[in-house]
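For reference, the structure discussed in these notes is given below.
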Amino acid sequence: MITTKKIEFNYDNEIYFKFEDIKLKNKENLLILGNSGMGKTTLLHILSGLLKAKSGSIKLYGEELTELSSYQLDRFRRNNIGIVFQKPHFVNSLTVKENLELAQFIANKKDNKRIDTILKNLNIFDKINKKTNQLSQGEKQRVSIAIAIVNSPKLILADEPTSSLDDDNCFKVINLLKKQASNFGAQLIVITHDSRLKKHFKKTLEL
């Protein structure tokens, strides 16, 4: 269960956001739509614990995030949340496998079999020993998804995963995200301005 109530946030007492409440049952996914400047990425960072809301309640899987210390938030995020950032976050000097091993090491969840399974599932197992700067943009996106799900998160948060893609690749990526969430028992929240994704989600929140 994912619920938020009366979340508010401001930057330097100037830019102010007040977000609509969210209520998601287990296995439900959500699309959050909004134009630039509406606070989409801010909301994603609040849901992931990367930012702390000024006020309100964020309850993920029985844990009230607003009551956790920074250390507890870091631990909760490592164990429960996978993030697909708009721009890939890799250590370019490492291979695909080593980047995934690093993500596992940070969460203390070493499992090479899971790495192999995920990369095969994403059709990039043949890139396992490639450096990330040797990959195409599509391959980098798939590795970003792999990093997000490698530690068996309960929740996957994706920030503008289709913003620069044509229709064909847009639908491939969103179907891939939904499939991976389903295959690995995670919920998916996509935050975007891309209205093409509306038909792929039963639940939509517009900012």
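Letters A, B, ... go to the chains of the structure tokens in the order shown; residues in each chain start at 1; ligands are counted from 1 in the same order.
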Extract, using only C-alpha atoms, all DNA, RNA and protein residues at most 10 Å from Leu30 (chain A), discarding same-chain residues fewer than 3 positions from it, and format them as a ChimeraX atom specification.
-> /A:22-24,33,157,187-191,198,200-205
Next, write the just-selected residues to a file, as a CSV table (one decimal), in the first residue's frame, keeping N, CA and C atoms as the atom set.
chain,number,residue,atom,x,y,z
A,22,ILE,N,-2.2,10.5,-3.0
A,22,ILE,CA,-2.0,9.3,-3.7
A,22,ILE,C,-2.5,8.1,-2.9
A,23,LYS,N,-3.2,7.2,-3.5
A,23,LYS,CA,-3.6,6.0,-2.8
A,23,LYS,C,-3.5,4.8,-3.7
A,24,LEU,N,-2.5,4.0,-3.5
A,24,LEU,CA,-2.3,2.8,-4.4
A,24,LEU,C,-2.3,1.5,-3.6
A,33,LEU,N,1.2,12.7,-14.5
A,33,LEU,CA,1.4,13.6,-15.6
A,33,LEU,C,1.5,15.1,-15.2
A,157,LEU,N,10.4,3.8,-9.4
A,157,LEU,CA,10.1,5.1,-9.8
A,157,LEU,C,10.8,5.5,-11.0
A,187,GLN,N,5.8,-2.5,-7.8
A,187,GLN,CA,4.9,-1.5,-8.3
A,187,GLN,C,5.6,-0.5,-9.1
A,188,LEU,N,4.9,0.2,-10.0
A,188,LEU,CA,5.6,1.1,-10.9
A,188,LEU,C,4.9,2.5,-10.8
A,189,ILE,N,5.6,3.5,-10.6
A,189,ILE,CA,5.1,4.9,-10.7
A,189,ILE,C,6.0,5.6,-11.7
A,190,VAL,N,5.4,6.1,-12.8
A,190,VAL,CA,6.1,6.8,-13.9
A,190,VAL,C,5.7,8.3,-13.8
A,191,ILE,N,6.6,9.2,-13.7
A,191,ILE,CA,6.4,10.6,-13.7
A,191,ILE,C,6.9,11.2,-15.0
A,198,LYS,N,-0.8,7.7,-21.3
A,198,LYS,CA,-2.1,7.6,-20.6
A,198,LYS,C,-2.8,6.2,-20.8
A,200,HIS,N,-1.7,3.4,-21.2
A,200,HIS,CA,-0.9,2.3,-20.7
A,200,HIS,C,-1.1,2.1,-19.2
A,201,PHE,N,-1.9,3.0,-18.6
A,201,PHE,CA,-2.1,3.0,-17.1
A,201,PHE,C,-3.6,3.1,-16.8
A,202,LYS,N,-4.0,2.3,-15.8
A,202,LYS,CA,-5.4,2.4,-15.4
A,202,LYS,C,-5.6,3.6,-14.4
A,203,LYS,N,-4.5,3.9,-13.7
A,203,LYS,CA,-4.6,5.0,-12.7
A,203,LYS,C,-3.7,6.2,-13.2
A,204,THR,N,-4.2,7.4,-13.3
A,204,THR,CA,-3.4,8.5,-13.7
A,204,THR,C,-3.7,9.7,-12.7
A,205,LEU,N,-2.6,10.4,-12.4
A,205,LEU,CA,-2.7,11.6,-11.5
A,205,LEU,C,-2.1,12.8,-12.3
Which neighbours of Gly34 (chain A) fall inside 8 Å, counting only C-alpha atoms, when residues of the same chain fewer than 4 positions from it are skipped, and could you give them as a VMD selection string?
-> chain A and resid 38 to 40 191 to 193 206 to 207
Pick out the residues sitting within 12 Å of Thr132 (chain A), and hand them over as an MDAnalysis selection string; count only C-alpha atoms, and ignore anything fewer than 6 positions along from it in its own chain.
-> chainID A and resid 88:100 124 138:144
C-alpha atoms of the current selection, written as a CSV table (one decimal), in the first residue's frame:
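The resulting out_7.csv:
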chain,number,residue,atom,x,y,z
A,88,PRO,CA,21.6,7.4,-16.5
A,89,HIS,CA,23.7,7.2,-13.3
A,90,PHE,CA,26.7,4.9,-14.0
A,91,VAL,CA,30.3,4.5,-13.1
A,92,ASN,CA,31.7,4.7,-16.6
A,93,SER,CA,35.0,3.0,-15.7
A,94,LEU,CA,33.0,-0.1,-14.7
A,95,THR,CA,31.4,-2.8,-16.8
A,96,VAL,CA,27.6,-3.4,-16.9
A,97,LYS,CA,28.0,-6.3,-14.5
A,98,GLU,CA,30.3,-4.3,-12.2
A,99,ASN,CA,27.7,-1.4,-12.0
A,100,LEU,CA,25.0,-3.9,-11.0
A,124,ILE,CA,21.3,-7.2,-22.9
A,138,GLY,CA,18.7,2.2,-25.8
A,139,GLU,CA,21.1,-0.2,-24.1
A,140,LYS,CA,22.0,2.4,-21.4
A,141,GLN,CA,18.3,2.8,-20.7
A,142,ARG,CA,17.9,-0.9,-20.2
A,143,VAL,CA,20.9,-1.0,-17.9
A,144,SER,CA,19.3,1.9,-15.9
One decimal, Å: what's the distance from CA of Ala148 (chain A) over to CA of Glu63 (chain A), could you say?
->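 Between these atoms lies a distance of 20.4 Å.
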Within 10 Å of region 109-123 of chain A using only C-alpha atoms, minus same-chain residues under 3 positions, as number ranges by chain = A: 78-79, 96-98, 100-106, 126-128, 139, 142-143, 145-147, 149-152, 176-177, 179-180, 183-184
Taking the chain letters and numbering used in this document, name the residues of region 1-198 of chain A that DSSP puts in strand (DSSP E or B), as an MDAnalysis selection string.
-> chainID A and resid 2:11 15:18 22:24 30:33 55:60 63:64 81:84 95 131 155:159 187:192
Using only C-alpha atoms, determine which residues lie at most 10 Å from Ile46 (chain A), disregarding the query and same-chain residues fewer than 3 positions distant; provide the list as a PyMOL selection string.
-> chain A and resi 7-9+40-43+49-54+58+65-66
Region 31-136 of chain A: residues DSSP assigns to helix (DSSP H, G or I), reported as a VMD selection string = chain A and resid 40 to 48 65 to 67 70 to 80 96 to 107 112 to 121 125 to 127 132 to 134
Write out, as a short mmCIF file (atom, residue, chain, number, x, y, z; two decimals), in the first residue's frame, the residues just selected, with C-alpha atoms.
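Output file again-v1.cif is given in full below:
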data_model
loop_
_atom_site.label_atom_id
_atom_site.label_comp_id
_atom_site.auth_asym_id
_atom_site.auth_seq_id
_atom_site.Cartn_x
_atom_site.Cartn_y
_atom_site.Cartn_z
CA LYS A 40 7.08 16.10 -11.07
CA THR A 41 10.72 15.35 -10.26
CA THR A 42 10.31 16.98 -6.85
CA LEU A 43 7.44 14.59 -6.11
CA LEU A 44 9.52 11.60 -7.28
CA HIS A 45 12.35 12.65 -4.97
CA ILE A 46 9.92 13.02 -2.06
CA LEU A 47 8.41 9.57 -2.71
CA SER A 48 11.89 8.05 -2.81
CA LEU A 65 8.80 8.20 5.66
CA THR A 66 8.39 11.56 7.37
CA GLU A 67 9.26 9.96 10.71
CA SER A 70 18.29 10.39 7.09
CA TYR A 71 20.08 7.12 7.84
CA GLN A 72 16.79 5.21 8.10
CA LEU A 73 15.57 6.78 4.85
CA ASP A 74 18.74 5.71 3.04
CA ARG A 75 18.34 2.15 4.30
CA PHE A 76 14.63 2.05 3.45
CA ARG A 77 15.29 3.34 -0.07
CA ARG A 78 18.08 0.80 -0.68
CA ASN A 79 15.83 -2.05 0.41
CA ASN A 80 12.53 -1.02 -1.14
CA VAL A 96 27.61 -3.35 -16.89
CA LYS A 97 28.02 -6.28 -14.51
CA GLU A 98 30.27 -4.28 -12.17
CA ASN A 99 27.73 -1.41 -12.03
CA LEU A 100 25.05 -3.90 -11.03
CA GLU A 101 27.37 -5.53 -8.49
CA LEU A 102 28.07 -2.08 -7.03
CA ALA A 103 24.32 -1.47 -6.62
CA GLN A 104 24.03 -4.82 -4.85
CA PHE A 105 27.07 -4.11 -2.66
CA ILE A 106 25.57 -0.80 -1.48
CA ALA A 107 22.39 -2.65 -0.48
CA ASN A 112 25.14 -12.84 -9.41
CA LYS A 113 22.38 -15.17 -10.59
CA ARG A 114 19.87 -12.32 -10.30
CA ILE A 115 22.14 -10.06 -12.38
CA ASP A 116 22.29 -12.70 -15.11
CA THR A 117 18.52 -13.24 -15.00
CA ILE A 118 17.70 -9.54 -15.24
CA LEU A 119 20.12 -8.87 -18.11
CA LYS A 120 18.73 -11.86 -20.03
CA ASN A 121 15.20 -10.61 -19.35
CA PHE A 125 23.11 -10.19 -21.41
CA ASP A 126 25.61 -10.01 -24.27
CA LYS A 127 26.64 -6.56 -22.97
CA THR A 132 28.67 1.60 -20.00
CA ASN A 133 30.19 4.29 -22.26
CA GLN A 134 30.34 1.65 -25.02
#
